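work.cif (mmCIF, C-alpha atoms) appears below.
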data_protein
#
loop_
_atom_site.label_atom_id
_atom_site.label_comp_id
_atom_site.auth_asym_id
_atom_site.auth_seq_id
_atom_site.Cartn_x
_atom_site.Cartn_y
_atom_site.Cartn_z
CA MET C 1 150.17 159.61 176.25
CA VAL C 2 150.92 155.90 175.79
CA PHE C 3 147.43 154.80 176.81
CA ASP C 4 145.80 157.28 174.43
CA GLU C 5 147.97 155.98 171.57
CA PHE C 6 147.00 152.44 172.51
CA ILE C 7 143.31 153.36 172.42
CA LYS C 8 143.77 155.04 169.04
CA LYS C 9 145.59 152.05 167.50
CA ALA C 10 143.03 149.64 168.93
CA LYS C 11 140.21 151.61 167.35
CA GLU C 12 142.03 151.79 163.99
CA ASN C 13 142.70 148.03 163.98
CA ASN C 14 139.10 147.37 164.94
CA ASN C 15 137.85 149.58 162.10
CA ILE C 16 140.01 147.68 159.57
CA SER C 17 138.80 144.34 160.90
CA ASP C 18 135.18 145.48 160.90
CA ASP C 19 135.48 146.71 157.31
CA LEU C 20 136.93 143.38 156.14
CA ILE C 21 134.33 141.39 158.03
CA ASN C 22 131.54 143.55 156.70
CA ARG C 23 132.68 142.90 153.13
CA VAL C 24 132.87 139.14 153.71
CA LEU C 25 129.48 139.10 155.40
CA PHE C 26 128.01 141.14 152.57
CA PHE C 27 129.30 138.55 150.08
CA SER C 28 127.97 135.75 152.32
CA ASN C 29 124.54 137.29 152.45
CA ILE C 30 124.49 137.81 148.68
CA TRP C 31 125.64 134.22 148.19
CA THR C 32 123.09 132.64 150.53
CA THR C 33 120.17 134.80 149.40
CA PHE C 34 120.81 135.06 145.65
CA PHE C 35 123.60 133.03 144.08
CA ALA C 36 123.14 129.79 146.02
CA PRO C 37 119.36 129.49 145.37
CA ALA C 38 119.88 130.43 141.73
CA LEU C 39 122.63 127.86 141.21
CA ILE C 40 120.62 125.20 143.03
CA GLY C 41 117.68 125.96 140.77
CA ILE C 42 119.87 125.73 137.68
CA GLY C 43 121.31 122.42 138.85
CA ILE C 44 117.90 120.93 139.54
CA SER C 45 116.64 122.12 136.13
CA TYR C 46 119.64 120.49 134.48
CA LEU C 47 118.94 117.16 136.18
CA TYR C 48 115.28 117.17 135.13
CA THR C 49 116.23 117.84 131.50
CA LEU C 50 118.39 114.72 131.28
CA ASP C 51 117.10 111.61 129.53
CA LYS C 52 116.87 108.36 131.47
CA ASP C 53 119.88 106.84 129.77
CA GLU C 54 121.91 110.06 129.63
CA ASN C 55 124.87 110.36 132.00
CA ILE C 56 125.47 113.42 134.15
CA SER C 57 128.20 115.59 132.71
CA TRP C 58 131.53 115.71 134.56
CA VAL C 59 131.30 119.51 134.32
CA PHE C 60 128.22 119.35 136.55
CA TRP C 61 130.10 117.39 139.20
CA ILE C 62 132.98 119.89 139.18
CA LEU C 63 130.57 122.78 139.50
CA LEU C 64 128.74 120.96 142.30
CA ILE C 65 131.98 120.44 144.22
CA MET C 66 132.91 124.11 143.75
CA PHE C 67 129.42 125.18 144.86
CA ALA C 68 129.57 122.99 147.96
CA THR C 69 133.07 124.26 148.86
CA VAL C 70 132.04 127.90 148.55
CA HIS C 71 128.81 127.31 150.44
CA PHE C 72 130.48 125.52 153.33
CA GLY C 73 133.17 128.22 153.40
CA VAL C 74 130.58 130.97 153.64
CA ALA C 75 128.72 129.09 156.37
CA PHE C 76 131.97 128.62 158.30
CA LEU C 77 132.79 132.37 158.07
CA GLN C 78 129.37 133.26 159.40
CA HIS C 79 129.83 130.80 162.23
CA LEU C 80 133.21 132.32 163.14
CA ASN C 81 131.76 135.82 163.08
CA SER C 82 129.01 134.79 165.48
CA ARG C 83 131.69 133.58 167.93
CA LYS C 84 133.91 136.65 167.56
CA TYR C 85 134.82 138.41 170.83
CA SER C 86 135.58 142.09 170.36
CA LEU C 87 137.97 143.86 172.73
CA VAL C 88 136.74 147.30 171.77
CA SER C 89 133.97 147.33 174.37
CA GLU C 90 136.51 146.26 176.99
CA VAL C 91 138.95 148.92 175.88
CA LEU C 92 136.24 151.59 175.95
CA GLY C 93 135.22 150.45 179.40
CA LEU C 94 138.84 150.58 180.47
CA GLU C 95 139.08 154.08 179.03
CA ASN C 96 136.18 155.17 181.23
CA GLU C 97 137.81 153.63 184.29
CA VAL C 98 141.09 155.36 183.48
CA GLN C 99 139.27 158.68 183.14
CA LYS C 100 137.64 158.16 186.53
CA THR C 101 141.04 157.35 188.00
CA ARG C 102 142.46 160.51 186.46
CA ASP C 103 139.66 162.60 187.96
CA ASN C 104 140.16 161.06 191.39
CA LEU C 105 143.91 161.56 191.14
CA ALA C 106 143.35 165.21 190.21
CA LYS C 107 141.19 165.66 193.31
CA HIS C 108 143.82 164.03 195.51
CA LEU C 109 146.57 166.14 193.97
CA HIS C 110 144.51 169.28 194.61
CA ALA C 111 143.96 168.20 198.23
CA LEU C 112 147.67 167.41 198.58
CA LYS C 113 148.50 170.88 197.27
CA ASP C 114 146.17 172.44 199.85
CA VAL C 115 147.76 170.40 202.64
CA SER C 116 151.25 171.35 201.47
CA ASN C 117 150.32 175.04 201.37
CA LEU C 118 148.75 174.79 204.82
CA HIS C 119 151.85 173.10 206.22
CA ALA C 120 154.08 175.77 204.67
CA ASN C 121 151.96 178.59 206.14
CA GLN C 122 151.86 176.96 209.57
CA THR C 123 155.62 176.42 209.55
CA THR C 124 156.26 180.02 208.49
CA THR C 125 153.91 181.35 211.18
CA ILE C 126 155.58 179.26 213.88
CA PHE C 127 159.01 180.45 212.71
CA CYS C 128 157.89 184.10 212.83
CA LEU C 129 156.33 183.61 216.28
CA ALA C 130 159.56 182.09 217.52
CA ASN C 131 161.47 185.14 216.30
CA ILE C 132 159.01 187.56 217.91
CA VAL C 133 159.18 185.73 221.26
CA ASP C 134 162.96 185.47 221.05
CA THR C 135 163.24 189.20 220.46
CA ALA C 136 160.71 190.02 223.18
CA VAL C 137 162.40 187.82 225.81
CA GLY C 138 165.78 189.23 224.78
CA GLU C 139 164.36 192.72 225.29
CA LEU C 140 163.40 191.88 228.87
CA HIS C 141 166.83 190.36 229.44
CA GLU C 142 168.51 193.56 228.21
CA MET C 143 166.35 195.64 230.53
CA GLU C 144 167.40 193.43 233.44
CA LEU C 145 171.10 193.54 232.60
CA ASN C 146 171.15 197.28 232.03
CA LYS C 147 168.88 197.99 234.99
CA THR C 148 166.66 200.00 232.68
CA ARG C 149 163.97 201.86 234.55
CA CYS C 150 160.64 202.77 233.00
CA SER C 151 157.16 203.78 234.00
CA VAL C 152 154.30 201.35 234.39
CA ASP C 153 152.56 202.77 231.31
CA LYS C 154 155.68 202.46 229.16
CA PHE C 155 156.32 198.90 230.34
CA ASP C 156 152.69 198.03 229.64
CA ASP C 157 153.02 199.49 226.14
CA ILE C 158 156.18 197.45 225.47
CA ILE C 159 154.57 194.21 226.60
CA LYS C 160 151.31 194.92 224.79
CA SER C 161 153.12 195.69 221.53
CA ARG C 162 154.70 192.22 221.62
CA TYR C 163 151.33 190.57 222.22
CA GLU C 164 149.89 192.61 219.36
CA GLN C 165 152.66 191.43 217.04
CA MET C 166 151.90 187.81 217.88
CA ILE C 167 148.14 188.19 217.46
CA ARG C 168 148.57 190.27 214.33
CA LEU C 169 150.65 187.52 212.76
CA LEU C 170 147.75 185.08 213.18
CA SER C 171 145.20 187.55 211.81
CA LEU C 172 147.32 188.39 208.76
CA GLU C 173 147.49 184.70 207.85
CA ARG C 174 143.91 183.92 208.91
CA GLU C 175 142.73 182.95 205.43
CA ALA C 176 145.60 180.56 204.79
CA LEU C 177 145.67 179.14 208.32
CA PHE C 178 141.99 178.90 209.26
CA GLY C 179 140.07 179.47 206.03
CA TYR C 180 138.52 182.75 207.16
CA THR C 181 136.47 184.64 204.57
CA SER C 182 134.87 188.06 204.51
CA GLU C 183 131.64 186.59 205.88
CA SER C 184 133.48 184.95 208.78
CA LEU C 185 133.96 188.20 210.72
CA TYR C 186 137.19 186.94 212.23
CA ASN C 187 137.99 187.61 215.87
CA ILE C 188 141.25 186.67 217.64
CA ALA C 189 141.68 187.64 221.28
CA LEU C 190 144.19 187.01 224.05
CA TYR C 191 142.68 186.88 227.55
CA HIS C 192 144.88 187.23 230.65
CA TYR C 193 143.81 186.17 234.13
CA ASP C 194 143.84 189.01 236.65
CA LYS C 195 144.29 187.44 240.08
CA SER C 196 143.19 190.57 241.93
CA ASP C 197 139.79 190.68 240.22
CA GLU C 198 139.61 186.96 239.46
CA LYS C 199 138.58 187.83 235.95
CA LEU C 200 139.81 186.98 232.47
CA LYS C 201 140.50 190.30 230.74
CA VAL C 202 141.37 191.06 227.14
CA LEU C 203 145.03 191.95 226.68
CA VAL C 204 144.92 192.15 222.89
CA ARG C 205 142.17 191.69 220.34
CA ASP C 206 142.33 191.78 216.56
CA CYS C 207 139.00 191.44 214.79
CA ASP C 208 136.99 192.42 211.75
CA ASN C 209 136.34 196.18 211.74
CA ARG C 210 132.61 195.45 211.44
CA LEU C 211 132.69 194.05 214.98
CA GLN C 212 132.42 196.28 218.00
CA LYS C 213 135.17 195.67 220.57
CA ARG C 214 133.35 195.27 223.86
CA ASN C 215 136.20 193.38 225.56
CA ARG C 216 133.89 191.60 227.94
CA GLU C 217 135.45 190.12 231.09
CA TRP C 218 134.86 186.52 232.08
CA GLY C 219 135.02 184.72 235.36
CA PRO C 220 136.44 181.19 235.57
CA GLY C 221 133.76 178.75 234.46
CA HIS C 222 131.65 181.35 232.66
CA GLY C 223 131.29 181.11 228.90
CA HIS C 224 133.61 179.06 226.75
CA VAL C 225 136.48 181.40 227.72
CA GLY C 226 135.97 180.76 231.43
CA LEU C 227 135.30 177.05 230.88
CA ALA C 228 138.54 176.60 228.95
CA PHE C 229 140.41 178.39 231.74
CA LEU C 230 138.76 176.49 234.59
CA HIS C 231 138.96 173.01 233.03
CA LYS C 232 142.36 173.56 231.39
CA ARG C 233 140.89 172.00 228.29
CA ILE C 234 140.45 173.18 224.74
CA LYS C 235 136.89 174.19 223.95
CA ILE C 236 135.84 173.95 220.31
CA CYS C 237 132.34 174.31 218.93
CA PRO C 238 131.45 174.00 215.22
CA ASP C 239 128.05 175.67 215.60
CA ILE C 240 127.13 177.47 218.81
CA THR C 241 123.51 177.90 217.71
CA LYS C 242 123.04 174.19 218.32
CA SER C 243 124.27 174.45 221.92
CA ASN C 244 121.70 175.70 224.45
CA GLU C 245 124.43 175.93 227.09
CA LEU C 246 126.70 178.32 225.16
CA MET C 247 124.31 180.25 222.91
CA ASN C 248 123.84 183.03 225.48
CA TYR C 249 127.56 183.77 225.35
CA SER C 250 127.80 184.07 221.58
CA ASP C 251 128.05 187.86 221.66
CA ALA C 252 131.36 187.79 223.51
CA SER C 253 133.19 189.09 220.49
CA GLY C 254 130.96 192.16 220.40
CA GLY C 255 128.94 193.52 217.54
CA GLU C 256 125.42 192.85 216.39
CA THR C 257 126.32 189.69 214.47
CA LYS C 258 126.82 186.78 216.85
CA TYR C 259 129.54 184.28 216.11
CA LYS C 260 128.69 180.68 215.34
CA SER C 261 131.93 178.79 215.94
CA PHE C 262 134.86 179.22 218.31
CA PHE C 263 138.17 177.73 219.38
CA SER C 264 139.32 178.51 222.96
CA ILE C 265 142.70 177.27 224.16
CA PRO C 266 143.97 177.73 227.72
CA ILE C 267 147.53 179.03 227.97
CA LEU C 268 149.04 176.68 230.54
CA ARG C 269 152.16 177.48 232.48
CA CYS C 270 155.30 175.70 231.32
CA LYS C 271 155.35 173.46 234.42
CA ASP C 272 151.60 172.76 234.36
CA ASN C 273 150.74 169.17 233.44
CA GLY C 274 147.11 170.02 232.75
CA ASP C 275 145.75 168.52 235.96
CA VAL C 276 142.88 170.69 237.22
CA GLY C 277 143.74 169.97 240.86
CA ASN C 278 147.46 170.77 240.78
CA GLY C 279 146.97 174.37 241.97
CA GLU C 280 148.47 175.96 238.84
CA LEU C 281 146.26 178.52 237.17
CA PRO C 282 146.67 179.10 233.42
CA PHE C 283 148.05 182.44 232.24
CA GLY C 284 144.91 183.00 230.22
CA VAL C 285 143.06 181.87 227.11
CA LEU C 286 143.60 182.35 223.37
CA VAL C 287 140.23 182.66 221.61
CA LEU C 288 139.29 182.54 217.93
CA THR C 289 135.70 183.03 216.81
CA SER C 290 133.89 183.15 213.48
CA ALA C 291 130.44 184.09 212.22
CA THR C 292 130.62 181.02 209.98
CA SER C 293 129.71 177.61 211.35
CA GLU C 294 132.31 174.83 211.26
CA GLN C 295 135.11 177.34 210.74
CA PHE C 296 137.64 175.34 212.74
CA GLU C 297 138.83 171.77 212.32
CA ASP C 298 140.51 169.57 214.91
CA ILE C 299 142.84 167.91 212.42
CA ARG C 300 143.96 171.19 210.88
CA ASP C 301 143.99 173.56 213.86
CA LEU C 302 144.45 171.64 217.12
CA GLN C 303 148.15 170.81 216.95
CA PHE C 304 149.07 174.14 215.37
CA LEU C 305 147.26 176.26 217.97
CA ASN C 306 148.72 174.14 220.78
CA ILE C 307 152.17 175.16 219.53
CA VAL C 308 151.09 178.79 219.21
CA VAL C 309 149.90 179.04 222.84
CA LYS C 310 153.24 177.60 223.99
CA PHE C 311 154.92 180.72 222.59
CA PHE C 312 152.42 182.90 224.44
CA ALA C 313 153.13 180.91 227.60
CA ILE C 314 156.88 181.38 227.20
CA TYR C 315 156.57 185.15 226.90
CA LEU C 316 153.95 185.47 229.64
CA ALA C 317 156.22 183.46 231.94
CA ALA C 318 159.16 185.70 231.02
CA VAL C 319 157.15 188.84 231.85
CA GLU C 320 155.99 187.36 235.14
CA ALA C 321 159.54 186.36 236.08
CA PHE C 322 160.87 189.80 235.13
CA LEU C 323 158.33 191.55 237.36
CA ALA C 324 159.02 189.13 240.22
CA HIS C 325 162.78 189.81 240.17
CA ASN C 326 162.97 193.33 238.80
CA GLY C 327 159.84 195.03 240.07
CA ASN C 328 161.93 197.88 241.44
CA LEU C 329 162.83 198.88 237.87
CA ILE C 330 159.19 199.71 237.17
CA GLU C 331 158.29 203.09 238.57
CA GLY C 332 154.88 202.78 240.14
CA ASP C 333 152.70 199.71 240.54
CA ASP C 334 154.68 196.54 239.80
CA ASP C 335 151.70 194.71 238.37
CA VAL C 336 151.25 194.72 234.58
#

Representation of the structure as structure tokens:
Amino acid sequence: MVFDEFIKKAKENNNISDDLINRVLFFSNIWTTFFAPALIGIGISYLYTLDKDENISWVFWILLIMFATVHFGVAFLQHLNSRKYSLVSEVLGLENEVQKTRDNLAKHLHALKDVSNLHANQTTTIFCLANIVDTAVGELHEMELNKTRCSVDKFDDIIKSRYEQMIRLLSLEREALFGYTSESLYNIALYHYDKSDEKLKVLVRDCDNRLQKRNREWGPGHGHVGLAFLHKRIKICPDITKSNELMNYSDASGGETKYKSFFSIPILRCKDNGDVGNGELPFGVLVLTSATSEQFEDIRDLQFLNIVVKFFAIYLAAVEAFLAHNGNLIEGDDDV
């Protein structure tokens, strides 16, 4: 890279300069510690050997001028060296800063890659959900147009298979979408509100095979499932063991290992504005739990799961409308 070449050239130039300076300083030290004292001693001895009437030789004056010139020159070089400002320390410091910047940039690039992958997985999941719902609603429309009759059990199986496809899509992509690991003991469940029993019942659940499917029913306001339904608000908890209010409900997913974090989203009707007092009851609740604390993140999961439950709402509304207008096509009880 250009910066690396610059560092290399700077070090080479500094080495050449240091070598030259070292040689000059070596000569200066030899001059000041050996030659200069010796020449001064010789000069003084010469002066003391002269007779009173004998003139000083012109050779002495020439040598004295040469000695003085060399001595002042050496002193000046030493003075300049003492004032020298080396850029090498600055360059080395800059090199360290650049390395730190590179490391930080690498971290940001890695994070950007993770965000890009997450966005791609979320987009793909939403696209696949849209296709599943489109096909499922089209299936109901075909049944209505063709006046297709079927039994209650067969109709239930058709509807349940579509829910299973939608839930299964989330569970297949659970690692990429929500960061589930083997220790997380993932659990994804769709609860539907049964008006006759006034209970939230499991329509579909996909979970780790180490969990026992108990499919516990919840009343409105009971547990985080019932609270999300009653308040029409998303309930998210990073660590249920720190909540005295909800800890007793942490075995809702079944199994001996209790979950530690959950994400419960009410499935509001398409015309529901979210006001608790508007008389509109949600279709149900979509629930995700994990045996790992802090499994879910608002920034990562909130918007995505809000879009997901809209697809569930669309299909649940389509099923409800089909039964309301074409209940006579279902042989037996017209309630799903």

Under the PyMOL selection byres ((chain C and resi 230) around 8), which residues of this model are included? Write them out as a compact mmCIF listing (two decimals) with C-alpha atoms, in the frame of the given file.
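Resulting contents of out01.txt:
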# COMPACT_ATOMS: atom_id res chain seq x y z
CA PRO C 220 136.44 181.19 235.57
CA GLY C 221 133.76 178.75 234.46
CA GLY C 226 135.97 180.76 231.43
CA LEU C 227 135.30 177.05 230.88
CA ALA C 228 138.54 176.60 228.95
CA PHE C 229 140.41 178.39 231.74
CA HIS C 231 138.96 173.01 233.03
CA LYS C 232 142.36 173.56 231.39
CA VAL C 276 142.88 170.69 237.22

Could you write out as a ChimeraX atom specification the residues that the PyMOL selection byres ((chain C and resi 61-66) around 12) matches in the shown file?
/C:36,39-40,42-44,46-47,55-60,67-73

Which residues come within 9 Å of range 308-310 of chain C, counting only C-alpha atoms, excluding same-chain residues fewer than 3 positions away, as a ChimeraX atom specification?
/C:125-126,129,265-270,285-286,303-305,313-315

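Every polymer residue reaching to within 12 Å of (129.2, 173.9, 213.9), counting all atoms listed in the file, appears in this list: Ile236, Cys237, Pro238, Asp239, Ile240, Thr241, Lys242, Ser243, Tyr259, Lys260, Ser261, Phe262, Phe263, Thr289, Ser290, Ala291, Thr292, Ser293, Glu294, Gln295, Phe296 and Glu297 of chain C.
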
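Our summary of the geometry notes that CA of Ala38 in chain C is positioned 19.7 Å from CA of Val24 in chain C.
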
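Note that the spacing between CA of Leu177 in chain C and CA of Lys271 in chain C amounts to 28.4 Å.
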
Could you list, as a ChimeraX atom specification, every residue within 8 Å of Asn121 in chain C, counting only C-alpha atoms and ignoring same-chain residues fewer than 3 positions away?
/C:117-118,124-125,173,176-177

Next, dump the selected residues to file, keeping only C-alpha atoms, as a compact mmCIF listing (two decimals), in the coordinates of the input.
# COMPACT_ATOMS: atom_id res chain seq x y z
CA ASN C 117 150.32 175.04 201.37
CA LEU C 118 148.75 174.79 204.82
CA THR C 124 156.26 180.02 208.49
CA THR C 125 153.91 181.35 211.18
CA GLU C 173 147.49 184.70 207.85
CA ALA C 176 145.60 180.56 204.79
CA LEU C 177 145.67 179.14 208.32

Check which residues satisfy the PyMOL selection byres ((chain C and resi 138-150) around 10) in the file shown, then give them as a ChimeraX atom specification.
/C:132-137,151-156,158-159,315,318-319,321-323,325-332
